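Q: Handing you this structure, nothing more for now.
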Amino acid sequence: MKIALASVCPDARQQRLLDIVWPSWEAFSKRHAIPVRVIEDDLRPDAYYWAKYLPLTLPEFRGFDAVLCLDNDVVISPQAPSPAEGWDGARVRCVDERSQFPHSPSRFTDYYARHGLTLPAGVPERVLNSGVLLYTREHAAWLEEIYQGWRGWRERFQRELGPNIDPYILAGDQPHVSHALLGSGRFEELDARFNRLWWSWWEDGGRRREMPLLLYAKTAQLLASVLPRGLVRPLARRGRGLWDEALLDNHFVHVAGSKSPLSLFDLGRP
C-alpha cells in the first residue's frame, strides 16, 4: 500500500505552524519512505477543518492508496515508528482520547451534546481525535458522505440555536467524524503515543499545572516578536528540554489548543 503524509496549509497562520514542525516531518518522511504532500489551496473556504478528508481526490495524490493526514501542530519524534505498521487498510486508524484523560463518561457525553449529537446505544463514551488520521480511498468516499451530512446538520443547528452559537462548534469536524466512526465501527485504535496531546502529557495526571507553562511559552513567543532570536534562545532552552522529554515518551505530539508551546520547540533548537 502506497501512503502519503498529507497536510492542508491554506493560509499564513497554518504555514507558520508547518514551518516549525516541518523538520520533524521531513525526517520521518525519509526514514519511512512516506512522501509528504502539502496542500496550499483553500479546498473548503467555509469549512477549513473538513479539508483534511479531500487529499485523495486531488491529482497529486493519484498514485497513493492512503493518506496519513496530520494537523499542522503535530511534532514527530526522531524515533517515531510509522502508524501504518501492521495496518491492512480495512479501518480508519486514530487515537482514542480516553487513554489520555481520567475516564469520565459525562465528559464525553457532554462533548457530543454540545454539538447536538448523541452516541448510538451500546457505544462506549469516547472521543476519537482526528489530528492524526490514517485512511484509504474507500474511507475518503465515506468521509465525504459525512461532510455532506454535516452541512445539513449545520443549517439545522444554526436555525435552532440562533446567531449566538460558538462558531467553532459550527465549524469543527472532529465530533462528527468521531461520532460516525464510533457508530459504524470503522475505526482501529492507535497507540496514544501516535497522537499525544501536549497538555495531557504536561499535566501528567495532575502533577503539573498548565498555567505556568502557558505563561512561560507566551512570554518567549512575545519576546521573539520584538527581539533577535539569539537573545531569546537561552530563555527557551529549558522549554526545548521539556519537548525533548515529551518526544522521548511519545511518537507524535499534538499541540491542540494554545500553540504557544510550539514557540519553545522552535526557539530552543540547538
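Ligands are numbered from 1 in the order shown, residues from 1 within each chain, and chains are lettered A, B, ... in the order they appear in the C-alpha cells.
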Just want the 12 Å neighbourhood of Thr57 in chain A, counted on only C-alpha atoms, with same-chain residues fewer than 6 positions away dropped. Output as a list in words.
A: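 That gives Ile39, Leu43, Ala51, Gly63, Phe64, Asp65, Ala66, Val67, Thr136, Arg137, Glu138, His139, Ala140, Ala141, Leu143 and Glu144 of chain A.
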Q: Just asking: which residues within range 21-125 of chain A are alpha helix (DSSP H) according to DSSP, as a list in words?
A: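 Matching residues, listed in order: Val21, Trp22, Pro23, Ser24, Trp25, Glu26, Ala27, Phe28, Ser29, Lys30, Arg31, His32, Pro105, Ser106, Arg107, Phe108, Thr109, Asp110, Tyr111, Tyr112 and Ala113 of chain A.
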Q: Could you tell me, as a PyMOL selection string, which residues of range 51-89 of chain A DSSP assigns to strand (DSSP E) when given the backbone?
A: chain A and resi 66-70+74-76
Q: Give me the residues within 9 Å of His254 in chain A as a PyMOL selection string, counting only C-alpha atoms and dropping any in the same chain fewer than 6 places off.
A: chain A and resi 71-76+131-132+194-199
Q: Those residues you just picked out, can you put them in a file as a short mmCIF file (atom, residue, chain, number, x, y, z; two decimals), in the first residue's frame with N, CA and C atoms?
A:
data_model
loop_
_atom_site.label_atom_id
_atom_site.label_comp_id
_atom_site.auth_asym_id
_atom_site.auth_seq_id
_atom_site.Cartn_x
_atom_site.Cartn_y
_atom_site.Cartn_z
N ASP A 71 -2.57 17.30 11.44
CA ASP A 71 -2.74 18.72 11.69
C ASP A 71 -1.36 19.37 11.71
N ASN A 72 -1.32 20.66 11.40
CA ASN A 72 -0.03 21.36 11.28
C ASN A 72 0.59 21.72 12.63
N ASP A 73 -0.01 21.26 13.72
CA ASP A 73 0.57 21.48 15.05
C ASP A 73 1.02 20.18 15.68
N VAL A 74 1.42 19.22 14.84
CA VAL A 74 1.91 17.92 15.30
C VAL A 74 3.42 17.83 15.08
N VAL A 75 4.16 17.54 16.14
CA VAL A 75 5.61 17.34 16.06
C VAL A 75 5.88 15.84 16.13
N ILE A 76 6.75 15.35 15.26
CA ILE A 76 7.05 13.92 15.21
C ILE A 76 8.40 13.65 15.86
N GLY A 131 -6.71 14.65 14.69
CA GLY A 131 -5.48 15.36 14.35
C GLY A 131 -4.43 14.50 13.70
N VAL A 132 -4.50 13.19 13.93
CA VAL A 132 -3.65 12.19 13.25
C VAL A 132 -4.59 11.12 12.74
N PHE A 194 0.84 7.94 19.35
CA PHE A 194 0.80 8.46 17.98
C PHE A 194 -0.01 9.75 17.87
N ASN A 195 -0.65 10.17 18.94
CA ASN A 195 -1.34 11.46 18.94
C ASN A 195 -1.46 11.92 20.39
N ARG A 196 -0.30 12.12 21.01
CA ARG A 196 -0.28 12.52 22.41
C ARG A 196 -0.57 14.01 22.49
N LEU A 197 -1.64 14.38 23.13
CA LEU A 197 -1.99 15.79 23.27
C LEU A 197 -1.01 16.44 24.26
N TRP A 198 -0.41 17.53 23.83
CA TRP A 198 0.63 18.17 24.62
C TRP A 198 0.19 18.44 26.05
N TRP A 199 -1.02 19.00 26.21
CA TRP A 199 -1.46 19.40 27.55
C TRP A 199 -1.72 18.18 28.43
#
Q: Quick one: contact table of range 25-54 of chain A to range 155-170 of chain A, 12 Å max, nearest atom pair and distance in Å to one decimal per residue, counting only C-alpha atoms, chain and number order, as a tab-separated table?
A:
residue	atom	partner	partner_atom	distance
A:Asp46	CA	A:Leu170	CA	10.4
A:Ala47	CA	A:Leu170	CA	9.1
A:Tyr48	CA	A:Tyr168	CA	11.0
A:Tyr49	CA	A:Tyr168	CA	10.0
A:Trp50	CA	A:Leu170	CA	11.7
Q: Need to verify the contact set: range 87-99 of chain A, 8 Å, only C-alpha atoms, exclusion of same-chain residues closer than 2 positions in sequence. Can you return it as a list in words?
A: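 In the requested form, the answer reads Ala84, Glu85, Phe101, Pro102, His103, Arg126, Val127, Leu128, Asn129, Ser130, Val132, Leu133, Leu134, Tyr135, Thr136, His139, Arg186, Phe187, Glu188, Glu189, Leu190, Asp191, Ala192, Phe194 and Asn195 of chain A.
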Q: Hey, can you spit out that residue selection with C-alpha atoms as a PDB file, in the first residue's frame?
A:
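Result file is selection08.pdb:
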ATOM      1  CA  ALA A  84       0.785   2.375   9.356  1.00  0.00           C
ATOM      2  CA  GLU A  85       2.829  -0.609  10.587  1.00  0.00           C
ATOM      3  CA  PHE A 101      -7.584  11.764  30.452  1.00  0.00           C
ATOM      4  CA  PRO A 102      -9.222  10.412  33.597  1.00  0.00           C
ATOM      5  CA  HIS A 103     -12.191   8.486  32.271  1.00  0.00           C
ATOM      6  CA  ARG A 126     -15.150   8.204  23.898  1.00  0.00           C
ATOM      7  CA  VAL A 127     -13.741  10.812  21.536  1.00  0.00           C
ATOM      8  CA  LEU A 128     -11.555   9.868  18.574  1.00  0.00           C
ATOM      9  CA  ASN A 129      -9.039  12.616  17.831  1.00  0.00           C
ATOM     10  CA  SER A 130      -8.802  13.471  14.130  1.00  0.00           C
ATOM     11  CA  VAL A 132      -3.649  12.195  13.249  1.00  0.00           C
ATOM     12  CA  LEU A 133      -5.718  10.136  10.851  1.00  0.00           C
ATOM     13  CA  LEU A 134      -4.823   7.239   8.577  1.00  0.00           C
ATOM     14  CA  TYR A 135      -7.357   6.272   5.906  1.00  0.00           C
ATOM     15  CA  THR A 136      -7.730   4.875   2.372  1.00  0.00           C
ATOM     16  CA  HIS A 139     -12.778   5.692   3.518  1.00  0.00           C
ATOM     17  CA  ARG A 186     -14.936   1.711  11.128  1.00  0.00           C
ATOM     18  CA  PHE A 187     -12.066   2.746  13.376  1.00  0.00           C
ATOM     19  CA  GLU A 188      -8.974   0.934  14.570  1.00  0.00           C
ATOM     20  CA  GLU A 189      -7.375   2.336  17.708  1.00  0.00           C
ATOM     21  CA  LEU A 190      -3.805   3.580  17.531  1.00  0.00           C
ATOM     22  CA  ASP A 191      -1.449   3.646  20.484  1.00  0.00           C
ATOM     23  CA  ALA A 192      -1.987   7.005  22.229  1.00  0.00           C
ATOM     24  CA  PHE A 194       0.804   8.460  17.985  1.00  0.00           C
ATOM     25  CA  ASN A 195      -1.339  11.462  18.938  1.00  0.00           C
TER      26      ASN A 195
END
Q: If we count only C-alpha atoms, what is near Asp41 in chain A at a cut-off of 9 Å, once residues fewer than 2 positions away on the same chain are taken out, given as a list in words?
A: Val8, Cys9, Pro10, Asp11, Ile39, Leu43 and Arg44 of chain A
Q: Would you mind reading off the distance between CA of Gly230 in chain A and CA of Tyr216 in chain A, one decimal, in Å?
A: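 Answer for the CA of Gly230 in chain A to CA of Tyr216 in chain A separation: 17.3 Å.
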Q: Considering only C-alpha atoms, can you say which of A:Leu264, A:Leu214, A:Ala246, A:Val177 comes closest to Leu117 in chain A?
A: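 Under the stated criterion, the closest residue is A:Val177.
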Q: A:Ser7, A:Thr219, A:Gln14, A:Ser77: which is nearest Arg37 in chain A, counting only C-alpha atoms?
A: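 Among A:Ser7, A:Thr219, A:Gln14, A:Ser77, it is A:Ser7 that comes nearest to Arg37 in chain A.
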Q: Between CA of Phe265 in chain A and CA of Asp244 in chain A, what is the spacing in Å?
A: 8.7 Å
Q: With distances taken over only C-alpha atoms, which of A:Leu242, A:Cys69, A:Ile3, A:Ala217 is nearest to Leu54 in chain A?
A: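 Nearest to Leu54 in chain A: A:Cys69.
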Q: For Leu222 in chain A, please output as a list of chain:residue names all residues within 12 Å (counting only C-alpha atoms; exclusion window: fewer than 4 positions along the same chain).
A: A:Leu215, A:Tyr216, A:Ala217, A:Lys218, A:Val226, A:Leu227, A:Pro228, A:Arg229, A:Val232, A:Leu235, A:Ala236, A:Ser260, A:Ser263, A:Leu264, A:Leu267
Q: Compare A:Lys2, A:Val38, A:Ala220, A:Leu182 by their minimum atom-to-atom distance to Ala121 in chain A, counting only C-alpha atoms, and give me the closest one.
A: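 So, comparing all the options, the nearest one is A:Leu182.
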